[in-house]
file my_file.cif (mmCIF, C-alpha atoms and all ligand atoms)
data_structure
loop_
_atom_site.label_atom_id
_atom_site.label_comp_id
_atom_site.auth_asym_id
_atom_site.auth_seq_id
_atom_site.Cartn_x
_atom_site.Cartn_y
_atom_site.Cartn_z
CA MET B 288 -86.93 -177.90 38.62
CA PRO B 289 -89.93 -175.61 38.09
CA HIS B 290 -87.47 -172.70 37.88
CA VAL B 291 -85.52 -174.49 35.15
CA LEU B 292 -88.72 -175.19 33.20
CA ASN B 293 -89.80 -171.60 33.68
CA PHE B 294 -86.40 -170.38 32.44
CA VAL B 295 -86.48 -172.69 29.40
CA PHE B 296 -90.04 -171.60 28.60
CA ARG B 297 -89.12 -167.92 28.85
CA VAL B 298 -86.05 -168.28 26.66
CA PHE B 299 -88.06 -170.23 24.12
CA PHE B 300 -90.89 -167.68 24.21
CA LYS B 301 -88.43 -164.79 23.77
CA LEU B 302 -86.66 -166.49 20.90
CA ASP B 303 -89.99 -167.29 19.36
CA LYS B 304 -91.07 -163.65 19.59
CA GLU B 305 -87.80 -162.33 18.19
CA THR B 306 -87.78 -164.89 15.40
CA ARG B 307 -91.33 -163.98 14.49
CA LEU B 308 -90.59 -160.25 14.47
CA PHE B 309 -87.38 -160.84 12.51
CA PHE B 310 -89.16 -162.79 9.79
CA GLY B 311 -92.15 -160.47 9.81
CA LEU B 312 -94.50 -163.24 10.89
CA PRO B 313 -97.81 -162.23 12.47
CA TYR B 314 -97.40 -161.62 16.16
CA ARG B 315 -99.62 -160.43 19.02
CA LEU B 316 -98.37 -158.02 21.65
CA HIS B 317 -99.66 -158.37 25.22
CA SER B 318 -98.87 -155.05 26.88
CA GLU B 319 -101.59 -153.29 28.85
CA ASP B 320 -102.36 -150.86 26.02
CA ARG B 321 -102.64 -153.75 23.51
CA LYS B 322 -105.03 -155.56 25.82
CA ILE B 323 -107.22 -152.46 25.96
CA LEU B 324 -107.10 -152.04 22.19
CA ASP B 325 -107.45 -155.76 21.34
CA ARG B 326 -109.86 -156.93 23.98
CA LYS B 327 -111.94 -153.88 24.72
CA LEU B 328 -111.95 -151.14 22.10
CA LEU B 329 -111.82 -153.11 18.85
CA PRO B 330 -114.45 -155.74 19.80
CA TRP B 331 -116.77 -153.03 21.11
CA PHE B 332 -116.54 -150.90 17.97
CA ALA B 333 -116.72 -153.99 15.72
CA ALA B 334 -120.03 -154.95 17.33
CA ARG B 335 -121.67 -151.60 16.59
CA ASN B 336 -124.22 -151.47 13.80
CA ASP B 337 -123.03 -148.03 12.74
CA VAL B 338 -119.44 -149.22 12.20
CA LYS B 339 -119.16 -150.90 8.81
CA LYS B 340 -116.20 -149.23 7.12
CA VAL B 341 -113.00 -149.18 9.13
CA LEU B 342 -109.50 -147.81 8.54
CA PHE B 343 -106.52 -148.97 10.60
CA VAL B 344 -103.49 -146.68 10.18
CA GLY B 345 -99.92 -148.01 10.34
CA CYS B 346 -99.27 -151.73 9.85
CA ASP B 347 -96.74 -154.16 11.23
CA SER B 348 -96.44 -157.87 11.98
CA TYR B 349 -98.27 -157.35 15.28
CA THR B 350 -101.29 -155.63 13.72
CA VAL B 351 -102.12 -158.31 11.12
CA HIS B 352 -104.78 -159.98 13.31
CA TYR B 353 -106.86 -156.80 13.69
CA LYS B 354 -108.69 -157.66 10.48
CA GLU B 355 -110.26 -160.60 12.32
CA TYR B 356 -112.40 -158.23 14.37
CA PHE B 357 -113.94 -156.77 11.26
CA LEU B 358 -114.63 -159.84 9.12
CA GLU B 359 -118.19 -158.68 8.47
CA ASP B 360 -117.09 -155.14 7.70
CA GLU B 361 -115.06 -153.36 5.05
CA TYR B 362 -111.65 -153.22 6.69
CA TRP B 363 -108.91 -151.02 5.23
CA THR B 364 -105.31 -150.40 6.20
CA LEU B 365 -103.00 -147.50 5.35
CA GLU B 366 -99.22 -147.47 5.69
CA PRO B 367 -96.57 -145.31 3.95
CA ASP B 368 -93.88 -148.03 3.90
CA PRO B 369 -94.46 -150.21 0.80
CA LEU B 370 -92.53 -153.08 2.43
CA LYS B 371 -95.25 -153.35 5.09
CA LYS B 372 -98.01 -153.95 2.55
CA LYS B 373 -97.82 -157.65 3.47
CA PHE B 374 -99.14 -156.75 6.93
CA GLY B 375 -102.08 -154.81 5.50
CA SER B 376 -105.56 -155.91 4.54
CA ARG B 377 -106.98 -156.66 1.10
CA ASN B 378 -108.03 -153.01 0.93
CA HIS B 379 -104.65 -151.44 1.53
CA ILE B 380 -103.40 -147.92 0.82
CA ILE B 381 -99.69 -147.18 0.50
CA GLY B 382 -99.64 -143.57 1.57
CA GLN B 383 -99.73 -141.09 4.41
CA LEU B 384 -102.71 -140.29 6.56
CA GLU B 385 -102.39 -136.64 5.51
CA ASP B 386 -103.35 -137.69 1.96
CA LEU B 387 -106.25 -139.97 2.83
CA ALA B 388 -108.71 -137.90 0.78
CA ASN B 389 -106.72 -138.82 -2.37
CA TYR B 390 -107.74 -142.45 -1.94
CA VAL B 391 -111.32 -142.49 -0.65
CA SER B 392 -114.29 -140.19 -0.96
CA GLU B 393 -115.50 -137.82 1.76
CA ASN B 394 -117.50 -139.37 4.62
CA TYR B 395 -116.30 -142.84 3.61
CA PHE B 396 -115.31 -144.40 6.94
CA ASP B 397 -117.24 -145.01 10.17
CA LEU B 398 -114.13 -145.62 12.29
CA ILE B 399 -110.47 -144.66 11.96
CA ILE B 400 -107.92 -146.22 14.32
CA CYS B 401 -104.81 -144.07 14.48
CA ASN B 402 -102.63 -145.82 17.05
CA GLY B 403 -98.92 -145.02 17.42
CA ILE B 404 -98.80 -142.70 14.40
CA TYR B 405 -98.76 -139.30 16.12
CA GLY B 406 -95.24 -139.12 17.59
CA TRP B 407 -94.01 -141.98 15.39
CA GLY B 408 -93.52 -140.21 12.07
CA LEU B 409 -96.46 -137.85 12.23
CA ASP B 410 -94.59 -135.16 14.12
CA GLU B 411 -94.76 -131.81 12.33
CA LYS B 412 -97.60 -129.44 13.22
CA GLU B 413 -98.68 -128.93 9.63
CA ALA B 414 -98.70 -132.67 8.95
CA ILE B 415 -100.62 -133.44 12.15
CA GLU B 416 -103.25 -130.79 11.32
CA LYS B 417 -103.56 -132.17 7.80
CA ALA B 418 -103.79 -135.79 9.00
CA PHE B 419 -106.59 -135.16 11.50
CA THR B 420 -108.43 -132.89 9.08
CA SER B 421 -108.25 -135.75 6.56
CA CYS B 422 -109.67 -138.11 9.20
CA TYR B 423 -112.53 -135.67 9.76
CA ASN B 424 -113.23 -135.29 6.04
CA CYS B 425 -113.12 -139.03 5.35
CA LEU B 426 -115.23 -139.98 8.37
CA GLY B 427 -118.99 -139.85 8.04
CA ASN B 428 -121.30 -137.85 10.23
CA ASN B 429 -120.73 -139.02 13.84
CA GLY B 430 -117.84 -141.28 12.73
CA PHE B 431 -115.33 -142.38 15.37
CA LEU B 432 -111.61 -141.74 15.78
CA ILE B 433 -109.44 -143.76 18.16
CA LEU B 434 -106.23 -141.84 18.74
CA GLY B 435 -103.51 -143.80 20.56
CA TRP B 436 -100.33 -141.98 21.53
CA ASN B 437 -97.43 -142.02 23.97
CA ASN B 438 -97.41 -139.26 26.54
CA LEU B 439 -93.62 -138.86 26.50
CA PRO B 440 -91.71 -135.63 25.67
CA GLU B 441 -89.95 -137.23 22.68
CA ARG B 442 -93.30 -138.47 21.26
CA THR B 443 -95.22 -135.24 21.76
CA LEU B 444 -92.99 -132.68 20.09
CA VAL B 445 -96.13 -130.76 19.11
CA PRO B 446 -98.63 -131.18 21.96
CA LEU B 447 -102.08 -132.38 20.91
CA SER B 448 -103.55 -129.40 22.79
CA ASN B 449 -102.04 -127.21 20.01
CA ILE B 450 -103.79 -129.13 17.22
CA LYS B 451 -106.80 -127.20 15.94
CA ALA B 452 -108.06 -130.05 13.75
CA LEU B 453 -109.02 -132.03 16.86
CA HIS B 454 -111.68 -129.39 17.54
CA LEU B 455 -113.56 -130.88 14.59
CA PHE B 456 -114.24 -133.81 16.94
CA THR B 457 -116.04 -134.15 20.19
CA PRO B 458 -114.63 -136.37 22.98
CA PHE B 459 -116.48 -139.68 23.18
CA GLU B 460 -117.14 -141.96 26.12
CA ASP B 461 -119.21 -145.02 26.89
CA LEU B 462 -119.67 -146.87 30.16
CA ALA B 463 -118.58 -150.16 28.56
CA ILE B 464 -115.21 -148.93 27.30
CA GLY B 465 -114.51 -145.78 29.27
CA GLY B 466 -113.08 -142.68 27.67
CA PRO B 467 -112.91 -140.04 26.44
CA THR B 468 -109.31 -140.47 27.65
CA ILE B 469 -108.02 -143.89 28.70
CA ILE B 470 -104.66 -143.64 30.47
CA THR B 471 -102.54 -146.79 30.75
CA GLN B 472 -99.77 -147.48 33.25
CA THR B 473 -97.32 -148.63 30.56
CA LYS B 474 -93.70 -147.46 30.44
CA HIS B 475 -94.57 -145.64 27.20
CA LYS B 476 -97.43 -143.83 29.03
CA HIS B 477 -99.78 -144.87 26.27
CA ILE B 478 -103.09 -143.03 26.08
CA PHE B 479 -106.20 -143.64 24.02
CA ASP B 480 -108.32 -140.62 23.21
CA LEU B 481 -111.75 -141.44 21.83
CA TYR B 482 -113.40 -138.93 19.52
CA ARG B 483 -116.51 -138.62 17.45
CA VAL B 484 -116.94 -136.34 14.45
CA LYS B 485 -118.95 -133.24 15.32
CA LYS B 486 -122.17 -133.16 13.38
CA LYS B 487 -121.50 -132.09 9.82
CA THR B 488 -123.92 -129.83 8.02
CA ASN B 489 -124.78 -129.62 4.31
CA ILE B 490 -124.05 -133.28 3.69
CA ASP B 491 -125.90 -135.10 0.93
CA TYR B 492 -126.46 -138.69 1.93
C1 LIG N 1 -95.13 -147.36 16.00
S1 LIG N 1 -95.78 -147.91 14.47
C2 LIG N 1 -97.49 -148.08 14.86
C3 LIG N 1 -98.11 -149.24 14.12
C4 LIG N 1 -99.55 -149.56 14.51
N1 LIG N 1 -100.48 -148.56 14.07
C5 LIG N 1 -99.75 -149.90 15.95
O1 LIG N 1 -100.90 -149.89 16.41
O2 LIG N 1 -98.79 -150.21 16.64
C6 LIG N 1 -95.78 -146.43 13.50
C7 LIG N 1 -96.23 -146.62 12.07
O3 LIG N 1 -96.73 -145.38 11.61
C8 LIG N 1 -96.40 -145.25 10.25
N2 LIG N 1 -96.48 -143.81 9.91
C9 LIG N 1 -95.56 -142.86 10.17
N3 LIG N 1 -95.96 -141.67 9.68
C10 LIG N 1 -97.17 -141.87 9.12
C11 LIG N 1 -98.10 -141.03 8.44
N4 LIG N 1 -97.86 -139.74 8.25
N5 LIG N 1 -99.26 -141.58 7.98
C12 LIG N 1 -99.50 -142.89 8.16
N6 LIG N 1 -98.66 -143.74 8.81
C13 LIG N 1 -97.51 -143.24 9.27
C14 LIG N 1 -95.01 -145.85 10.17
O4 LIG N 1 -94.66 -146.22 8.85
C15 LIG N 1 -95.13 -147.03 11.11
O5 LIG N 1 -95.52 -148.22 10.43
#
call {"tool": "encode", "arguments": {"input": "my_file.cif", "output": "structure tokens"}}
result
Amino acid sequence: MPHVLNFVFRVFFKLDKETRLFFGLPYRLHSEDRKILDRKLLPWFAARNDVKKVLFVGCDSYTVHYKEYFLEDEYWTLEPDPLKKKFGSRNHIIGQLEDLANYVSENYFDLIICNGIYGWGLDEKEAIEKAFTSCYNCLGNNGFLILGWNNLPERTLVPLSNIKALHLFTPFEDLAIGGPTIITQTKHKHIFDLYRVKKKTNIDY
């Protein structure tokens, strides 16, 4: 009997998930990388006093709840697909990360979360360089970048080690969250690289 209940529960749960994804209803993923992002990284950054303006890049039904971490902050989302605007925040940009400087001023953000973008549309070397340079320009002095990516050949057509723009950042770590590189054991070989903007000079604050 417990097996039958377990089976029924699993079928129901699966249907529920698929139905939610199909209708674009908010949904939370529970993979190991999501647990690290949802339960460790986002709460830790949200609690920092020097993180007040946040950009989350790339929206979907399973990213809607991220705004809840930043209720006391200015939380922005950016997504090129206009149909996904409904998954974005009140401050939402329809556009590409490469063009971020067209929408906000220099040094605007304290934290940019770029998870599953590199390798998922951001694939050309020129575009990747432009996107991370834009992150640097639109992050303030010592601003943070969370870069989540899949360490699979098909998702790393241009290796990150070839990207010069990442030299504008310094790897970041903290005892509470780990880093600078957090490797997960997921089938997608998801990795989080934590970065902080290298000190900028000649900035008028
Ligand atoms: C795999 S999803 C990742 C969504 C989300 N960031 C997450 O944590 O799962 C990839 C998303 O990246 C978006 N995307 C692709 N190229 C992009 C670019 N150049 N700039 C910003 N977003 C891009 C896609 O439209 C898509 O919504």
call {"tool": "residues_around", "arguments": {"input": "my_file.cif", "residues": "Glu361 (chain B)", "least_positions_apart": "5", "cutoff": "12 Å", "atoms": "all atoms listed in the file", "output": "list of chain:residue names"}}
result
B:Ala333, B:Val338, B:Lys339, B:Lys340, B:Val341, B:Leu342, B:Phe343, B:Lys354, B:Glu355, B:Tyr356, B:Ser376, B:Arg377, B:Asn378, B:His379, B:Tyr395, B:Phe396, B:Asp397, B:Leu398
call {"tool": "residues_around", "arguments": {"input": "my_file.cif", "residues": "region 467-476 of chain B", "least_positions_apart": "3", "cutoff": "7 Å", "atoms": "only C-alpha atoms", "output": "list of chain:residue names"}}
result
B:Glu319, B:Asp320, B:Asn437, B:Asn438, B:Leu439, B:Pro458, B:Phe459, B:Glu460, B:Phe479, B:Asp480, B:Leu481
call {"tool": "write_last_selection", "arguments": {"input": "my_file.cif", "atoms": "C-alpha atoms", "output": "mmCIF file, in the coordinates of the input"}}
result
data_model
loop_
_atom_site.group_PDB
_atom_site.id
_atom_site.type_symbol
_atom_site.label_atom_id
_atom_site.label_comp_id
_atom_site.auth_asym_id
_atom_site.auth_seq_id
_atom_site.Cartn_x
_atom_site.Cartn_y
_atom_site.Cartn_z
ATOM 1 C CA GLU B 319 -101.590 -153.290 28.850
ATOM 2 C CA ASP B 320 -102.360 -150.860 26.020
ATOM 3 C CA ASN B 437 -97.430 -142.020 23.970
ATOM 4 C CA ASN B 438 -97.410 -139.260 26.540
ATOM 5 C CA LEU B 439 -93.620 -138.860 26.500
ATOM 6 C CA PRO B 458 -114.630 -136.370 22.980
ATOM 7 C CA PHE B 459 -116.480 -139.680 23.180
ATOM 8 C CA GLU B 460 -117.140 -141.960 26.120
ATOM 9 C CA PHE B 479 -106.200 -143.640 24.020
ATOM 10 C CA ASP B 480 -108.320 -140.620 23.210
ATOM 11 C CA LEU B 481 -111.750 -141.440 21.830
#
call {"tool": "axis_aligned_box", "arguments": {"input": "my_file.cif", "around": "ligand LIG 1 (chain N)", "padding_each_side": "3 Å", "output": "JSON"}}
result
{"center_x": -97.8, "center_y": -145.0, "center_z": 12.3, "size_x": 12.2, "size_y": 16.5, "size_z": 14.7}
call {"tool": "residues_near_ligand", "arguments": {"input": "my_file.cif", "ligand": "ligand LIG 1 (chain N)", "cutoff": "7 Å", "atoms": "all atoms listed in the file", "output": "list in words"}}
result
Phe343, Val344, Gly345, Cys346, Asp347, Thr350, Leu365, Glu366, Pro367, Asp368, Gly382, Gln383, Leu384, Glu385, Cys401, Asn402, Gly403, Ile404, Trp407, Gly408 and Leu409 of chain B
call {"tool": "atom_distance", "arguments": {"input": "my_file.cif", "atom1": "CA of His317 (chain B)", "atom2": "CA of Ile464 (chain B)"}}
result
18.3 Å
call {"tool": "residues_around", "arguments": {"input": "my_file.cif", "residues": "Arg315 (chain B)", "least_positions_apart": "3", "cutoff": "9 Å", "atoms": "all atoms listed in the file", "output": "PyMOL selection string"}}
result
chain B and resi 321+348-352
call {"tool": "residues_around", "arguments": {"input": "my_file.cif", "residues": "Glu416 (chain B)", "least_positions_apart": "4", "cutoff": "8 Å", "atoms": "only C-alpha atoms", "output": "JSON, numbers by chain"}}
result
{"B": [412, 420, 450, 451, 452]}
call {"tool": "atom_distance", "arguments": {"input": "my_file.cif", "atom1": "CA of Arg483 (chain B)", "atom2": "CA of Leu447 (chain B)"}}
result
16.1 Å
call {"tool": "atom_distance", "arguments": {"input": "my_file.cif", "atom1": "CA of Ile433 (chain B)", "atom2": "CA of Ile400 (chain B)"}}
result
4.8 Å
call {"tool": "closest_residue", "arguments": {"input": "my_file.cif", "among": "B:Arg442, B:Lys486, B:His290, B:Lys371", "to": "Asn424 (chain B)", "atoms": "all atoms listed in the file"}}
result
B:Lys486
call {"tool": "closest_residue", "arguments": {"input": "my_file.cif", "among": "B:Lys417, B:Lys327, B:Lys485, B:Lys372", "to": "Phe431 (chain B)", "atoms": "only C-alpha atoms"}}
result
B:Lys485
call {"tool": "decode", "arguments": {"input": "my_file.cif", "residues": "region 448-477 of chain B", "atoms": "N, CA and C atoms", "output": "mmCIF file, in the first residue's frame"}}
result
data_model
loop_
_atom_site.group_PDB
_atom_site.id
_atom_site.type_symbol
_atom_site.label_atom_id
_atom_site.label_comp_id
_atom_site.auth_asym_id
_atom_site.auth_seq_id
_atom_site.Cartn_x
_atom_site.Cartn_y
_atom_site.Cartn_z
ATOM 1 N N SER B 448 37.847 30.459 -19.821
ATOM 2 C CA SER B 448 39.266 30.829 -19.659
ATOM 3 C C SER B 448 39.745 31.717 -20.813
ATOM 4 N N ASN B 449 38.978 31.742 -21.932
ATOM 5 C CA ASN B 449 39.351 32.598 -23.078
ATOM 6 C C ASN B 449 38.713 33.985 -22.997
ATOM 7 N N ILE B 450 37.920 34.232 -21.975
ATOM 8 C CA ILE B 450 37.166 35.487 -21.904
ATOM 9 C C ILE B 450 37.943 36.536 -21.101
ATOM 10 N N LYS B 451 38.416 37.539 -21.826
ATOM 11 C CA LYS B 451 39.267 38.571 -21.197
ATOM 12 C C LYS B 451 38.478 39.424 -20.209
ATOM 13 N N ALA B 452 37.197 39.637 -20.503
ATOM 14 C CA ALA B 452 36.396 40.536 -19.650
ATOM 15 C C ALA B 452 36.331 40.041 -18.204
ATOM 16 N N LEU B 453 36.497 38.741 -18.001
ATOM 17 C CA LEU B 453 36.431 38.230 -16.621
ATOM 18 C C LEU B 453 37.651 38.663 -15.806
ATOM 19 N N HIS B 454 38.690 39.140 -16.490
ATOM 20 C CA HIS B 454 39.858 39.662 -15.752
ATOM 21 C C HIS B 454 39.560 41.010 -15.092
ATOM 22 N N LEU B 455 38.412 41.587 -15.432
ATOM 23 C CA LEU B 455 37.998 42.832 -14.772
ATOM 24 C C LEU B 455 37.498 42.532 -13.357
ATOM 25 N N PHE B 456 37.345 41.242 -13.057
ATOM 26 C CA PHE B 456 36.822 40.809 -11.757
ATOM 27 C C PHE B 456 37.898 40.033 -11.015
ATOM 28 N N THR B 457 37.713 39.981 -9.709
ATOM 29 C CA THR B 457 38.583 39.152 -8.911
ATOM 30 C C THR B 457 37.735 38.029 -8.287
ATOM 31 N N PRO B 458 38.240 36.791 -8.240
ATOM 32 C CA PRO B 458 37.452 35.711 -7.648
ATOM 33 C C PRO B 458 37.116 36.022 -6.192
ATOM 34 N N PHE B 459 35.912 35.659 -5.794
ATOM 35 C CA PHE B 459 35.434 36.012 -4.447
ATOM 36 C C PHE B 459 35.079 34.742 -3.675
ATOM 37 N N GLU B 460 35.437 34.743 -2.397
ATOM 38 C CA GLU B 460 35.041 33.611 -1.553
ATOM 39 C C GLU B 460 34.702 34.097 -0.165
ATOM 40 N N ASP B 461 33.897 33.323 0.525
ATOM 41 C CA ASP B 461 33.568 33.617 1.919
ATOM 42 C C ASP B 461 33.303 32.278 2.607
ATOM 43 N N LEU B 462 33.745 32.198 3.854
ATOM 44 C CA LEU B 462 33.597 30.924 4.575
ATOM 45 C C LEU B 462 32.154 30.437 4.605
ATOM 46 N N ALA B 463 31.209 31.374 4.697
ATOM 47 C CA ALA B 463 29.793 30.997 4.841
ATOM 48 C C ALA B 463 29.215 30.385 3.571
ATOM 49 N N ILE B 464 29.697 30.799 2.420
ATOM 50 C CA ILE B 464 29.086 30.315 1.169
ATOM 51 C C ILE B 464 30.065 29.549 0.281
ATOM 52 N N GLY B 465 31.325 29.592 0.623
ATOM 53 C CA GLY B 465 32.316 28.908 -0.209
ATOM 54 C C GLY B 465 32.771 29.795 -1.355
ATOM 55 N N GLY B 466 33.158 29.187 -2.440
ATOM 56 C CA GLY B 466 33.695 29.930 -3.567
ATOM 57 C C GLY B 466 35.217 29.951 -3.490
ATOM 58 N N PRO B 467 35.868 30.563 -4.464
ATOM 59 C CA PRO B 467 35.297 31.298 -5.586
ATOM 60 C C PRO B 467 34.590 30.406 -6.614
ATOM 61 N N THR B 468 34.879 29.088 -6.603
ATOM 62 C CA THR B 468 34.196 28.202 -7.547
ATOM 63 C C THR B 468 33.463 27.123 -6.754
ATOM 64 N N ILE B 469 32.156 27.033 -6.968
ATOM 65 C CA ILE B 469 31.353 26.020 -6.279
ATOM 66 C C ILE B 469 30.913 25.002 -7.329
ATOM 67 N N ILE B 470 31.443 23.789 -7.199
ATOM 68 C CA ILE B 470 31.150 22.734 -8.186
ATOM 69 C C ILE B 470 30.032 21.847 -7.645
ATOM 70 N N THR B 471 28.998 21.633 -8.445
ATOM 71 C CA THR B 471 27.912 20.746 -7.997
ATOM 72 C C THR B 471 28.049 19.389 -8.687
ATOM 73 N N GLN B 472 27.389 18.410 -8.127
ATOM 74 C CA GLN B 472 27.447 17.043 -8.678
ATOM 75 C C GLN B 472 26.223 16.771 -9.558
ATOM 76 N N THR B 473 25.664 17.794 -10.165
ATOM 77 C CA THR B 473 24.473 17.608 -10.988
ATOM 78 C C THR B 473 24.840 17.015 -12.342
ATOM 79 N N LYS B 474 23.835 16.451 -13.018
ATOM 80 C CA LYS B 474 24.116 15.860 -14.347
ATOM 81 C C LYS B 474 24.552 16.938 -15.338
ATOM 82 N N HIS B 475 24.136 18.185 -15.087
ATOM 83 C CA HIS B 475 24.536 19.284 -15.983
ATOM 84 C C HIS B 475 25.890 19.866 -15.602
ATOM 85 N N LYS B 476 26.513 19.283 -14.560
ATOM 86 C CA LYS B 476 27.826 19.755 -14.064
ATOM 87 C C LYS B 476 27.799 21.261 -13.835
ATOM 88 N N HIS B 477 26.770 21.689 -13.102
ATOM 89 C CA HIS B 477 26.599 23.123 -12.886
ATOM 90 C C HIS B 477 27.658 23.660 -11.935
#
